[in-house]
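**Q** Can you keep this structure in mind? I'll have questions shortly.
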Amino acid sequence: MTDARASSSLPIRQVEKPWGLDVLPAPFEAPEGQRIGEIWFEPPAALPELLVKYIFAGEALSVQVHPSDAQTLAKGIGRQGKEECWLIVAAEPGGKLGIGFDREIGEDAMRAAALDGSIEHLMTWHEVVPGDFFYIPANTVHAIGAGVSLIEVQQNSDITYRLYDYGRPRELHLEDGMAVSHGEPYSREQWFKHVPLDGSQVLVDGPLFVLDQIAGVPSQEIAMRYPDALLVIPREGAVEVAGESIAPGSCALAMSLADVRFAENGVCLLTRPCKIAS
C-alpha cells in the first residue's frame, strides 16, 4: 500500500541568473552549462508568509530596495512588503554587501546617483565572512556583492525595485524605488550579528518573523518560541521531521516542534512567521 503522506521536505526551484555560479558551494551542484543564482524552497500552504532561499553571487547583484507592508497596503496592492535577512555561508576574500549609505542622501541626489551609476560608491560596503548575519528592514537600499553565498529568509513577496544594475539590460524602477528608499546609514549596531557555526543564537525576534540558529537540541526558551508550524533548515548534520531525514541543502515544514528530532551534534535554523493583526 502506498504511503500517501506528503513529504516534509519543501520542493526546490533552481533559478538561473546571469550573475550566478556554475560551481556551487557544497552540498549543491549546478546542472552542467547553467549558472545558478538562487535556490528557492517553495513556501508550503501551511506557512505561505515566508520564503527561504540560497543566493549564490558570482557577480554583483543590482542595487535595490523593497517596500514595507504599510506602503503596499497604502498603494492598494495588499500586504506585499518585503523585509529579509541574510546569513553568510561562503565568501571569497573581499566579498562584500552594500547596505545603506555612508551619509544621509536626499531623494534628488539618490536619483541622480542611480542614473549615473555613482550610487554604488555612495553606499556602505560591509566585508563579510561566513557566520555574518544582517537583517535588512524594508526601505533599506542594498546590494549583494560578487563572491558571496548566503541563506535568505524573507517575507514572501516578489516586489523588488531596481535602482541600478551595472549596465545590464533589465528594467529599473526609479520612481517606485525613490518613493520607498531611505537615504540613510545602516544601523550595524542594531541589525548585525556574527553567528558561530557551533552556537545557538536568536537571530530575529519579530515583528514579522522569528529566526533562530540551534546547535544540538533547542533550549526550553527557544522551544517556547515555536508553538505551531515552523520551517527547519539544516546547516550541519541531518534532522528528522515527521520521521523523514532532512539533510543540509534542504528545508522542511514541521507542523510542530515535537515532530522534529534534532541531531545532538547538528546545527540548523528554525523560522516561523509572526501573527499580524489585520
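Identifiers in the C-alpha cells: chain A, B, ... in order shown; residue index from 1 per chain; ligand index from 1 in order shown.
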If you run DSSP on the backbone, which residues of range 33-253 of chain A are helix (DSSP H, G or I), as a ChimeraX atom specification?

**A** /A:69-74,107-116,119-122,174-180,188-191,220-223

**Q** Could you write out that same residue set with N, CA, C and O atoms as a compact mmCIF listing (two decimals), in the first residue's frame?

**A**
```txt
# COMPACT_ATOMS: atom_id res chain seq x y z
N ASP A 69 5.02 46.58 4.32
CA ASP A 69 3.61 46.21 4.25
C ASP A 69 2.73 47.46 4.25
O ASP A 69 1.76 47.54 3.49
N ALA A 70 3.06 48.42 5.10
CA ALA A 70 2.24 49.64 5.18
C ALA A 70 2.23 50.37 3.84
O ALA A 70 1.19 50.90 3.42
N GLN A 71 3.36 50.39 3.15
CA GLN A 71 3.42 51.09 1.86
C GLN A 71 2.65 50.36 0.76
O GLN A 71 1.98 51.00 -0.05
N THR A 72 2.71 49.03 0.73
CA THR A 72 1.95 48.32 -0.30
C THR A 72 0.45 48.35 0.00
O THR A 72 -0.37 48.41 -0.92
N LEU A 73 0.09 48.32 1.27
CA LEU A 73 -1.33 48.47 1.62
C LEU A 73 -1.84 49.85 1.21
O LEU A 73 -2.94 49.97 0.66
N ALA A 74 -1.05 50.89 1.46
CA ALA A 74 -1.46 52.24 1.08
C ALA A 74 -1.57 52.38 -0.43
O ALA A 74 -2.36 53.19 -0.93
N GLU A 107 16.48 62.54 -1.84
CA GLU A 107 15.88 61.81 -2.96
C GLU A 107 16.45 62.24 -4.30
O GLU A 107 16.76 61.41 -5.16
N ASP A 108 16.61 63.55 -4.53
CA ASP A 108 17.12 64.02 -5.82
C ASP A 108 18.54 63.54 -6.06
O ASP A 108 18.89 63.10 -7.17
N ALA A 109 19.36 63.61 -5.02
CA ALA A 109 20.75 63.15 -5.16
C ALA A 109 20.81 61.65 -5.37
O ALA A 109 21.64 61.15 -6.16
N MET A 110 19.93 60.90 -4.71
CA MET A 110 19.92 59.45 -4.89
C MET A 110 19.49 59.08 -6.30
O MET A 110 20.07 58.20 -6.94
N ARG A 111 18.48 59.78 -6.83
CA ARG A 111 18.01 59.51 -8.19
C ARG A 111 19.13 59.79 -9.20
O ARG A 111 19.39 58.99 -10.11
N ALA A 112 19.81 60.92 -9.03
CA ALA A 112 20.90 61.26 -9.94
C ALA A 112 22.03 60.23 -9.86
O ALA A 112 22.59 59.83 -10.89
N ALA A 113 22.33 59.76 -8.65
CA ALA A 113 23.39 58.77 -8.47
C ALA A 113 23.00 57.42 -9.08
O ALA A 113 23.84 56.70 -9.63
N ALA A 114 21.71 57.07 -9.00
CA ALA A 114 21.24 55.84 -9.63
C ALA A 114 21.36 55.93 -11.15
O ALA A 114 21.73 54.97 -11.82
N LEU A 115 21.07 57.09 -11.69
CA LEU A 115 21.11 57.28 -13.13
C LEU A 115 22.54 57.26 -13.68
O LEU A 115 22.79 56.73 -14.76
N ASP A 116 23.49 57.85 -12.94
CA ASP A 116 24.86 57.90 -13.47
C ASP A 116 25.75 56.78 -12.92
O ASP A 116 26.93 56.69 -13.28
N ILE A 119 25.80 55.59 -7.46
CA ILE A 119 25.13 55.18 -6.23
C ILE A 119 25.91 54.09 -5.51
O ILE A 119 25.97 54.06 -4.27
N GLU A 120 26.57 53.19 -6.26
CA GLU A 120 27.30 52.11 -5.59
C GLU A 120 28.47 52.66 -4.77
O GLU A 120 28.87 52.05 -3.77
N HIS A 121 29.00 53.81 -5.17
CA HIS A 121 30.13 54.39 -4.44
C HIS A 121 29.67 55.20 -3.23
O HIS A 121 30.48 55.56 -2.38
N LEU A 122 28.38 55.52 -3.16
CA LEU A 122 27.84 56.24 -2.01
C LEU A 122 27.36 55.29 -0.92
O LEU A 122 27.15 55.71 0.22
N LEU A 174 12.91 53.43 -10.95
CA LEU A 174 13.40 54.57 -10.18
C LEU A 174 12.29 55.29 -9.42
O LEU A 174 12.47 55.65 -8.25
N GLU A 175 11.15 55.52 -10.05
CA GLU A 175 10.11 56.30 -9.36
C GLU A 175 9.55 55.52 -8.18
O GLU A 175 9.41 56.05 -7.08
N ASP A 176 9.20 54.26 -8.41
CA ASP A 176 8.71 53.43 -7.30
C ASP A 176 9.79 53.28 -6.23
O ASP A 176 9.50 53.32 -5.03
N GLY A 177 11.03 53.09 -6.68
CA GLY A 177 12.11 52.90 -5.72
C GLY A 177 12.39 54.14 -4.90
O GLY A 177 12.59 54.06 -3.68
N MET A 178 12.41 55.30 -5.55
CA MET A 178 12.66 56.54 -4.81
C MET A 178 11.57 56.78 -3.77
O MET A 178 11.83 57.33 -2.69
N ALA A 179 10.35 56.36 -4.07
CA ALA A 179 9.22 56.61 -3.16
C ALA A 179 9.35 55.85 -1.84
O ALA A 179 8.73 56.23 -0.85
N VAL A 180 10.16 54.78 -1.83
CA VAL A 180 10.26 53.97 -0.61
C VAL A 180 11.67 53.91 -0.03
O VAL A 180 11.88 53.33 1.04
N ARG A 188 24.34 49.14 11.84
CA ARG A 188 25.01 47.86 12.05
C ARG A 188 24.87 47.41 13.51
O ARG A 188 24.70 46.22 13.79
N GLU A 189 24.90 48.36 14.44
CA GLU A 189 24.76 48.01 15.85
C GLU A 189 23.43 47.34 16.15
O GLU A 189 23.32 46.45 16.99
N GLN A 190 22.39 47.75 15.42
CA GLN A 190 21.04 47.20 15.65
C GLN A 190 20.78 45.93 14.87
O GLN A 190 20.10 45.02 15.36
N TRP A 191 21.32 45.83 13.64
CA TRP A 191 20.86 44.80 12.71
C TRP A 191 21.88 43.73 12.37
O TRP A 191 21.57 42.78 11.66
N GLN A 220 14.65 25.15 26.31
CA GLN A 220 13.23 25.36 26.58
C GLN A 220 12.79 26.75 26.15
O GLN A 220 11.69 26.93 25.64
N GLU A 221 13.68 27.75 26.36
CA GLU A 221 13.33 29.13 25.97
C GLU A 221 13.13 29.23 24.46
O GLU A 221 12.19 29.89 24.00
N ILE A 222 13.99 28.58 23.69
CA ILE A 222 13.83 28.60 22.23
C ILE A 222 12.60 27.82 21.83
O ILE A 222 11.81 28.24 20.97
N ALA A 223 12.38 26.66 22.44
CA ALA A 223 11.22 25.84 22.09
C ALA A 223 9.91 26.60 22.27
O ALA A 223 8.97 26.43 21.49
```

**Q** What's the 10 Å shell around range 86-92 of chain A, counting only C-alpha atoms, without same-chain residues fewer than 2 positions away, as a VMD selection string?

**A** chain A and resid 25 to 26 53 to 58 84 94 to 97 127 to 136 144 to 154 192 to 195 197 203 235

**Q** Take the residues from that selection and put them in a file with N, CA and C atoms, as a tab-separated table (two decimals), in the first residue's frame.

**A**
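Below is the file that was written, out-v3.tsv:
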```
chain	number	residue	atom	x	y	z
A	25	PRO	N	28.62	26.09	-3.78
A	25	PRO	CA	29.14	25.54	-2.53
A	25	PRO	C	28.42	24.22	-2.20
A	26	ALA	N	29.16	23.31	-1.56
A	26	ALA	CA	28.55	22.04	-1.11
A	26	ALA	C	27.41	22.36	-0.14
A	53	LYS	N	15.59	31.06	0.77
A	53	LYS	CA	16.40	30.91	-0.43
A	53	LYS	C	17.86	30.73	-0.04
A	54	TYR	N	18.62	30.12	-0.95
A	54	TYR	CA	20.06	30.31	-1.00
A	54	TYR	C	20.35	31.22	-2.19
A	55	ILE	N	21.27	32.16	-2.04
A	55	ILE	CA	21.68	33.05	-3.12
A	55	ILE	C	23.18	32.88	-3.33
A	56	PHE	N	23.58	32.70	-4.60
A	56	PHE	CA	24.98	32.48	-4.97
A	56	PHE	C	25.38	33.58	-5.95
A	57	ALA	N	26.17	34.53	-5.52
A	57	ALA	CA	26.50	35.70	-6.33
A	57	ALA	C	27.91	35.55	-6.91
A	58	GLY	N	27.99	35.18	-8.19
A	58	GLY	CA	29.27	35.17	-8.87
A	58	GLY	C	29.66	36.56	-9.32
A	84	GLU	N	13.85	41.18	4.91
A	84	GLU	CA	14.61	39.96	4.71
A	84	GLU	C	15.84	39.97	5.60
A	94	GLY	N	37.43	39.44	0.31
A	94	GLY	CA	36.95	40.72	-0.20
A	94	GLY	C	35.47	40.74	-0.54
A	95	GLY	N	34.74	39.63	-0.34
A	95	GLY	CA	33.31	39.61	-0.60
A	95	GLY	C	32.58	40.62	0.28
A	96	LYS	N	31.63	41.38	-0.30
A	96	LYS	CA	31.00	42.48	0.42
A	96	LYS	C	29.50	42.53	0.16
A	97	LEU	N	28.80	43.16	1.09
A	97	LEU	CA	27.40	43.53	0.93
A	97	LEU	C	27.30	45.04	1.00
A	127	GLU	N	32.46	44.22	4.39
A	127	GLU	CA	33.18	42.99	4.06
A	127	GLU	C	32.67	41.87	4.97
A	128	VAL	N	32.48	40.67	4.41
A	128	VAL	CA	31.80	39.60	5.15
A	128	VAL	C	32.62	38.33	5.19
A	129	VAL	N	32.32	37.52	6.21
A	129	VAL	CA	32.87	36.17	6.36
A	129	VAL	C	31.71	35.26	6.73
A	130	PRO	N	31.86	33.93	6.54
A	130	PRO	CA	30.79	33.02	6.94
A	130	PRO	C	30.40	33.21	8.41
A	131	GLY	N	29.10	33.20	8.66
A	131	GLY	CA	28.58	33.43	10.00
A	131	GLY	C	28.10	34.85	10.24
A	132	ASP	N	28.44	35.79	9.35
A	132	ASP	CA	27.91	37.14	9.49
A	132	ASP	C	26.42	37.14	9.16
A	133	PHE	N	25.66	37.91	9.92
A	133	PHE	CA	24.19	37.94	9.78
A	133	PHE	C	23.72	39.39	9.74
A	134	PHE	N	22.91	39.71	8.73
A	134	PHE	CA	22.39	41.06	8.55
A	134	PHE	C	20.87	41.00	8.39
A	135	TYR	N	20.16	41.80	9.16
A	135	TYR	CA	18.72	41.99	8.93
A	135	TYR	C	18.56	43.22	8.04
A	136	ILE	N	17.69	43.11	7.02
A	136	ILE	CA	17.51	44.19	6.06
A	136	ILE	C	16.06	44.68	6.17
A	144	ILE	N	24.01	42.80	-3.05
A	144	ILE	CA	24.91	41.70	-2.70
A	144	ILE	C	26.08	41.75	-3.68
A	145	GLY	N	27.30	41.79	-3.15
A	145	GLY	CA	28.48	41.86	-4.00
A	145	GLY	C	28.90	40.50	-4.53
A	146	ALA	N	29.87	40.52	-5.44
A	146	ALA	CA	30.37	39.29	-6.05
A	146	ALA	C	31.09	38.43	-5.02
A	147	GLY	N	30.99	37.12	-5.19
A	147	GLY	CA	31.73	36.19	-4.36
A	147	GLY	C	31.10	35.90	-3.02
A	148	VAL	N	29.79	36.14	-2.88
A	148	VAL	CA	29.10	35.94	-1.61
A	148	VAL	C	27.96	34.94	-1.80
A	149	SER	N	27.89	33.95	-0.93
A	149	SER	CA	26.76	33.00	-0.92
A	149	SER	C	26.10	33.08	0.45
A	150	LEU	N	24.77	33.04	0.46
A	150	LEU	CA	24.07	33.26	1.72
A	150	LEU	C	22.72	32.56	1.73
A	151	ILE	N	22.21	32.38	2.95
A	151	ILE	CA	20.82	31.95	3.16
A	151	ILE	C	20.00	33.20	3.39
A	152	GLU	N	18.88	33.32	2.68
A	152	GLU	CA	17.98	34.46	2.86
A	152	GLU	C	16.64	33.94	3.38
A	153	VAL	N	16.16	34.55	4.44
A	153	VAL	CA	14.80	34.33	4.93
A	153	VAL	C	14.07	35.65	4.77
A	154	GLN	N	12.91	35.63	4.10
A	154	GLN	CA	12.24	36.87	3.75
A	154	GLN	C	10.73	36.72	3.82
A	192	PHE	N	23.12	43.86	12.86
A	192	PHE	CA	24.17	42.91	12.51
A	192	PHE	C	24.53	42.02	13.69
A	193	LYS	N	24.84	40.74	13.41
A	193	LYS	CA	25.38	39.82	14.40
A	193	LYS	C	26.38	38.91	13.70
A	194	HIS	N	27.31	38.36	14.48
A	194	HIS	CA	28.14	37.26	13.96
A	194	HIS	C	27.74	35.99	14.70
A	195	VAL	N	27.50	34.94	13.94
A	195	VAL	CA	26.91	33.71	14.48
A	195	VAL	C	27.93	32.58	14.37
A	197	LEU	N	29.26	28.94	13.99
A	197	LEU	CA	28.58	27.80	13.37
A	197	LEU	C	28.11	26.80	14.42
A	203	LEU	N	18.31	35.06	16.17
A	203	LEU	CA	18.71	35.93	15.08
A	203	LEU	C	17.68	37.01	14.80
A	235	ARG	N	21.89	22.97	8.66
A	235	ARG	CA	23.16	23.51	8.19
A	235	ARG	C	24.28	22.49	8.32
```

**Q** What are the closest atom pairs, with distances in Å to one decimal, for each residue of range 129-234 of chain A lying within 8 Å of range 99-105 of chain A, using only C-alpha atoms, rows by chain and rising residue number, as a Markdown table?

**A**
```
| residue | atom | partner | partner_atom | distance |
| --- | --- | --- | --- | --- |
| A:Thr140 | CA | A:Gly100 | CA | 6.0 |
| A:Val141 | CA | A:Gly100 | CA | 5.3 |
| A:His142 | CA | A:Ile99 | CA | 4.4 |
| A:Ala143 | CA | A:Ile99 | CA | 6.5 |
| A:Gly183 | CA | A:Ile105 | CA | 4.8 |
| A:Glu184 | CA | A:Glu104 | CA | 4.6 |
| A:Pro185 | CA | A:Phe101 | CA | 4.6 |
| A:Tyr186 | CA | A:Gly100 | CA | 4.7 |
```

**Q** Could you turn the residues from that selection into a file that holds C-alpha atoms, as a short mmCIF file (atom, residue, chain, number, x, y, z; two decimals), in the first residue's frame?

**A**
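Heads up, here's the output in selection_38.cif:
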```cif
data_model
loop_
_atom_site.label_atom_id
_atom_site.label_comp_id
_atom_site.auth_asym_id
_atom_site.auth_seq_id
_atom_site.Cartn_x
_atom_site.Cartn_y
_atom_site.Cartn_z
CA THR A 140 16.90 49.89 3.03
CA VAL A 141 18.88 50.32 -0.21
CA HIS A 142 21.07 47.23 -0.58
CA ALA A 143 23.10 45.04 -2.92
CA GLY A 183 18.78 57.57 2.12
CA GLU A 184 20.49 56.89 5.43
CA PRO A 185 23.26 54.82 7.01
CA TYR A 186 22.55 51.23 8.02
#
```

**Q** Give me the residues near range 29-45 of chain A as a tab-separated table (two decimals) with N, CA and C atoms, in the first residue's frame, where near means some atom within 7 Å (using only C-alpha atoms) and where sequence neighbours in that chain fewer than 2 positions away do not count.

**A**
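part-v4.tsv, freshly written:
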```tsv
chain	number	residue	atom	x	y	z
A	10	LEU	N	10.49	20.59	1.47
A	10	LEU	CA	9.85	21.51	0.52
A	10	LEU	C	10.44	21.33	-0.88
A	11	PRO	N	9.59	21.46	-1.92
A	11	PRO	CA	10.11	21.40	-3.29
A	11	PRO	C	11.13	22.51	-3.54
A	12	ILE	N	12.15	22.19	-4.32
A	12	ILE	CA	13.25	23.11	-4.62
A	12	ILE	C	13.11	23.63	-6.04
A	13	ARG	N	13.34	24.92	-6.19
A	13	ARG	CA	13.38	25.52	-7.53
A	13	ARG	C	14.76	26.15	-7.73
A	14	GLN	N	15.51	25.66	-8.72
A	14	GLN	CA	16.79	26.27	-9.06
A	14	GLN	C	16.55	27.37	-10.10
A	15	VAL	N	17.10	28.55	-9.84
A	15	VAL	CA	16.83	29.72	-10.68
A	15	VAL	C	18.13	30.16	-11.33
A	16	GLU	N	18.17	30.10	-12.67
A	16	GLU	CA	19.34	30.60	-13.39
A	16	GLU	C	19.38	32.12	-13.35
A	17	LYS	N	20.58	32.65	-13.16
A	17	LYS	CA	20.79	34.10	-13.16
A	17	LYS	C	22.10	34.40	-13.88
A	18	PRO	N	22.17	35.52	-14.63
A	18	PRO	CA	23.42	35.85	-15.31
A	18	PRO	C	24.57	36.09	-14.35
A	19	TRP	N	24.23	36.45	-13.09
A	19	TRP	CA	25.26	36.73	-12.09
A	19	TRP	C	25.54	35.53	-11.18
A	20	GLY	N	24.96	34.36	-11.50
A	20	GLY	CA	25.08	33.19	-10.64
A	20	GLY	C	26.40	32.46	-10.78
A	21	LEU	N	26.45	31.23	-10.24
A	21	LEU	CA	27.66	30.42	-10.25
A	21	LEU	C	27.42	29.12	-11.01
A	22	ASP	N	28.47	28.64	-11.70
A	22	ASP	CA	28.37	27.31	-12.31
A	22	ASP	C	28.97	26.24	-11.42
A	23	VAL	N	29.68	26.65	-10.37
A	23	VAL	CA	30.15	25.72	-9.34
A	23	VAL	C	29.63	26.25	-8.00
A	24	LEU	N	28.73	25.49	-7.38
A	24	LEU	CA	28.06	25.94	-6.17
A	24	LEU	C	28.76	25.39	-4.92
A	27	PRO	N	26.32	21.57	-0.19
A	27	PRO	CA	26.13	20.31	-0.92
A	27	PRO	C	25.46	20.47	-2.28
A	47	LEU	N	2.39	27.59	5.67
A	47	LEU	CA	3.17	28.76	6.06
A	47	LEU	C	3.53	29.57	4.81
A	48	PRO	N	2.53	30.20	4.19
A	48	PRO	CA	2.80	30.91	2.94
A	48	PRO	C	3.50	32.24	3.11
A	50	LEU	N	6.41	33.08	4.43
A	50	LEU	CA	7.86	33.16	4.39
A	50	LEU	C	8.42	32.43	3.17
A	51	LEU	N	9.54	32.96	2.66
A	51	LEU	CA	10.28	32.31	1.59
A	51	LEU	C	11.73	32.17	2.04
A	52	VAL	N	12.27	30.95	1.91
A	52	VAL	CA	13.67	30.68	2.22
A	52	VAL	C	14.41	30.43	0.91
A	53	LYS	N	15.59	31.06	0.77
A	53	LYS	CA	16.40	30.91	-0.43
A	53	LYS	C	17.86	30.73	-0.04
A	54	TYR	N	18.62	30.12	-0.95
A	54	TYR	CA	20.06	30.31	-1.00
A	54	TYR	C	20.35	31.22	-2.19
A	55	ILE	N	21.27	32.16	-2.04
A	55	ILE	CA	21.68	33.05	-3.12
A	55	ILE	C	23.18	32.88	-3.33
A	56	PHE	N	23.58	32.70	-4.60
A	56	PHE	CA	24.98	32.48	-4.97
A	56	PHE	C	25.38	33.58	-5.95
A	57	ALA	N	26.17	34.53	-5.52
A	57	ALA	CA	26.50	35.70	-6.33
A	57	ALA	C	27.91	35.55	-6.91
A	251	CYS	N	15.06	22.24	3.07
A	251	CYS	CA	14.23	22.98	4.02
A	251	CYS	C	12.94	22.19	4.17
```

**Q** Give me, as JSON lines, the closest atom pair and its distance (Å, one decimal) for every residue of range 151-257 of chain A within a cut-off of 12 Å of range 263-266 of chain A, counting only C-alpha atoms, rows sorted by chain and rising number.

**A**
```
{"residue": "A:Leu197", "atom": "CA", "partner": "A:Gly266", "partner_atom": "CA", "distance": 9.9}
{"residue": "A:Asp198", "atom": "CA", "partner": "A:Gly266", "partner_atom": "CA", "distance": 8.3}
{"residue": "A:Gly199", "atom": "CA", "partner": "A:Gly266", "partner_atom": "CA", "distance": 10.2}
{"residue": "A:Ser200", "atom": "CA", "partner": "A:Gly266", "partner_atom": "CA", "distance": 10.8}
{"residue": "A:Gln213", "atom": "CA", "partner": "A:Gly266", "partner_atom": "CA", "distance": 10.6}
{"residue": "A:Ile214", "atom": "CA", "partner": "A:Gly266", "partner_atom": "CA", "distance": 8.2}
{"residue": "A:Ala215", "atom": "CA", "partner": "A:Gly266", "partner_atom": "CA", "distance": 5.9}
{"residue": "A:Gly216", "atom": "CA", "partner": "A:Glu264", "partner_atom": "CA", "distance": 4.4}
{"residue": "A:Val217", "atom": "CA", "partner": "A:Glu264", "partner_atom": "CA", "distance": 6.3}
{"residue": "A:Pro218", "atom": "CA", "partner": "A:Glu264", "partner_atom": "CA", "distance": 10.0}
{"residue": "A:Ile233", "atom": "CA", "partner": "A:Gly266", "partner_atom": "CA", "distance": 11.1}
{"residue": "A:Pro234", "atom": "CA", "partner": "A:Gly266", "partner_atom": "CA", "distance": 7.8}
{"residue": "A:Arg235", "atom": "CA", "partner": "A:Gly266", "partner_atom": "CA", "distance": 7.6}
{"residue": "A:Glu236", "atom": "CA", "partner": "A:Gly266", "partner_atom": "CA", "distance": 5.2}
{"residue": "A:Gly237", "atom": "CA", "partner": "A:Gly266", "partner_atom": "CA", "distance": 4.7}
{"residue": "A:Ala238", "atom": "CA", "partner": "A:Ala263", "partner_atom": "CA", "distance": 6.7}
{"residue": "A:Val239", "atom": "CA", "partner": "A:Ala263", "partner_atom": "CA", "distance": 5.8}
{"residue": "A:Glu240", "atom": "CA", "partner": "A:Ala263", "partner_atom": "CA", "distance": 8.3}
{"residue": "A:Val241", "atom": "CA", "partner": "A:Ala263", "partner_atom": "CA", "distance": 11.3}
{"residue": "A:Ser245", "atom": "CA", "partner": "A:Ala263", "partner_atom": "CA", "distance": 10.7}
{"residue": "A:Ile246", "atom": "CA", "partner": "A:Ala263", "partner_atom": "CA", "distance": 10.9}
{"residue": "A:Ala247", "atom": "CA", "partner": "A:Gly266", "partner_atom": "CA", "distance": 10.4}
{"residue": "A:Pro248", "atom": "CA", "partner": "A:Gly266", "partner_atom": "CA", "distance": 10.0}
```

**Q** Could you write out that same residue set with N, CA, C and O atoms as a CSV table (one decimal), in the first residue's frame?

**A**
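Below is the file that was written, selection_0.csv:
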```
chain,number,residue,atom,x,y,z
A,197,LEU,N,29.3,28.9,14.0
A,197,LEU,CA,28.6,27.8,13.4
A,197,LEU,C,28.1,26.8,14.4
A,197,LEU,O,27.1,26.1,14.2
A,198,ASP,N,28.8,26.7,15.5
A,198,ASP,CA,28.5,25.7,16.5
A,198,ASP,C,27.7,26.2,17.7
A,198,ASP,O,27.7,25.6,18.8
A,199,GLY,N,27.1,27.4,17.6
A,199,GLY,CA,26.4,28.0,18.7
A,199,GLY,C,24.9,28.2,18.4
A,199,GLY,O,24.5,28.3,17.3
A,200,SER,N,24.1,28.3,19.5
A,200,SER,CA,22.7,28.6,19.4
A,200,SER,C,22.6,30.1,19.6
A,200,SER,O,23.2,30.7,20.5
A,213,GLN,N,19.2,30.1,15.2
A,213,GLN,CA,20.1,29.0,14.9
A,213,GLN,C,20.2,28.1,16.2
A,213,GLN,O,20.3,28.6,17.3
A,214,ILE,N,20.1,26.8,15.9
A,214,ILE,CA,20.1,25.8,17.0
A,214,ILE,C,21.3,24.9,16.8
A,214,ILE,O,21.4,24.3,15.8
A,215,ALA,N,22.1,24.8,17.8
A,215,ALA,CA,23.2,23.8,17.9
A,215,ALA,C,22.7,22.7,18.8
A,215,ALA,O,22.5,22.9,20.0
A,216,GLY,N,22.6,21.5,18.3
A,216,GLY,CA,22.1,20.4,19.1
A,216,GLY,C,20.6,20.5,19.3
A,216,GLY,O,19.9,20.7,18.3
A,217,VAL,N,20.2,20.3,20.5
A,217,VAL,CA,18.7,20.4,20.8
A,217,VAL,C,18.3,21.7,21.3
A,217,VAL,O,19.1,22.3,22.1
A,218,PRO,N,17.2,22.3,20.9
A,218,PRO,CA,16.8,23.6,21.4
A,218,PRO,C,16.6,23.7,22.9
A,218,PRO,O,16.0,22.7,23.5
A,233,ILE,N,15.7,24.3,8.7
A,233,ILE,CA,16.8,24.4,7.6
A,233,ILE,C,18.1,23.9,8.2
A,233,ILE,O,18.8,24.6,8.9
A,234,PRO,N,18.4,22.6,7.9
A,234,PRO,CA,19.6,22.1,8.4
A,234,PRO,C,20.9,22.7,7.8
A,234,PRO,O,20.9,23.0,6.6
A,235,ARG,N,21.9,23.0,8.7
A,235,ARG,CA,23.2,23.5,8.2
A,235,ARG,C,24.3,22.5,8.3
A,235,ARG,O,25.1,22.4,7.4
A,236,GLU,N,24.3,21.8,9.4
A,236,GLU,CA,25.3,20.7,9.7
A,236,GLU,C,24.6,19.5,10.3
A,236,GLU,O,23.9,19.7,11.3
A,237,GLY,N,24.7,18.4,9.6
A,237,GLY,CA,24.1,17.2,10.1
A,237,GLY,C,22.6,17.2,9.7
A,237,GLY,O,22.0,18.2,9.6
A,238,ALA,N,22.0,16.0,9.6
A,238,ALA,CA,20.6,15.9,9.2
A,238,ALA,C,19.7,16.0,10.5
A,238,ALA,O,20.2,15.7,11.6
A,239,VAL,N,18.5,16.4,10.3
A,239,VAL,CA,17.5,16.3,11.3
A,239,VAL,C,16.4,15.5,10.7
A,239,VAL,O,16.3,15.2,9.5
A,240,GLU,N,15.5,15.0,11.6
A,240,GLU,CA,14.3,14.3,11.1
A,240,GLU,C,13.1,15.1,11.4
A,240,GLU,O,12.9,15.7,12.5
A,241,VAL,N,12.2,15.2,10.4
A,241,VAL,CA,10.9,15.9,10.5
A,241,VAL,C,9.8,14.9,10.2
A,241,VAL,O,9.8,14.4,9.0
A,245,SER,N,14.3,12.1,7.0
A,245,SER,CA,15.6,12.7,7.2
A,245,SER,C,15.7,13.9,6.3
A,245,SER,O,15.4,13.8,5.0
A,246,ILE,N,16.1,15.0,6.8
A,246,ILE,CA,16.3,16.3,6.1
A,246,ILE,C,17.7,16.7,6.2
A,246,ILE,O,18.2,17.0,7.2
A,247,ALA,N,18.4,16.7,5.0
A,247,ALA,CA,19.8,17.0,5.0
A,247,ALA,C,20.1,18.4,4.8
A,247,ALA,O,19.3,19.2,4.3
A,248,PRO,N,21.4,18.9,5.1
A,248,PRO,CA,21.8,20.2,4.7
A,248,PRO,C,21.5,20.5,3.2
A,248,PRO,O,21.7,19.6,2.4
```

**Q** Could you pull out the strand (DSSP E) residues of range 72-242 of chain A, going by DSSP on the backbone, and write them as a PyMOL selection string?

**A** chain A and resi 84-91+96-101+123-127+132-136+142-144+148-155+161-164+192-194+201-205+209-215+230-236+239-241

**Q** CA of Ser68 in chain A and CA of Gln80 in chain A, how far apart in Å?

**A**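 Value for the CA of Gln80 in chain A-CA of Ser68 in chain A distance: 7.4 Å.
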
**Q** Can you tell me how far CA of Thr271 in chain A sits from CA of Glu83 in chain A, in Å to one decimal?

**A** 14.1 Å

**Q** Rounded to one decimal, what separation in Å do you get between CA of Asn139 in chain A and CA of Arg168 in chain A?

**A**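 Atom-to-atom, CA of Asn139 in chain A to CA of Arg168 in chain A, that is 23.0 Å.
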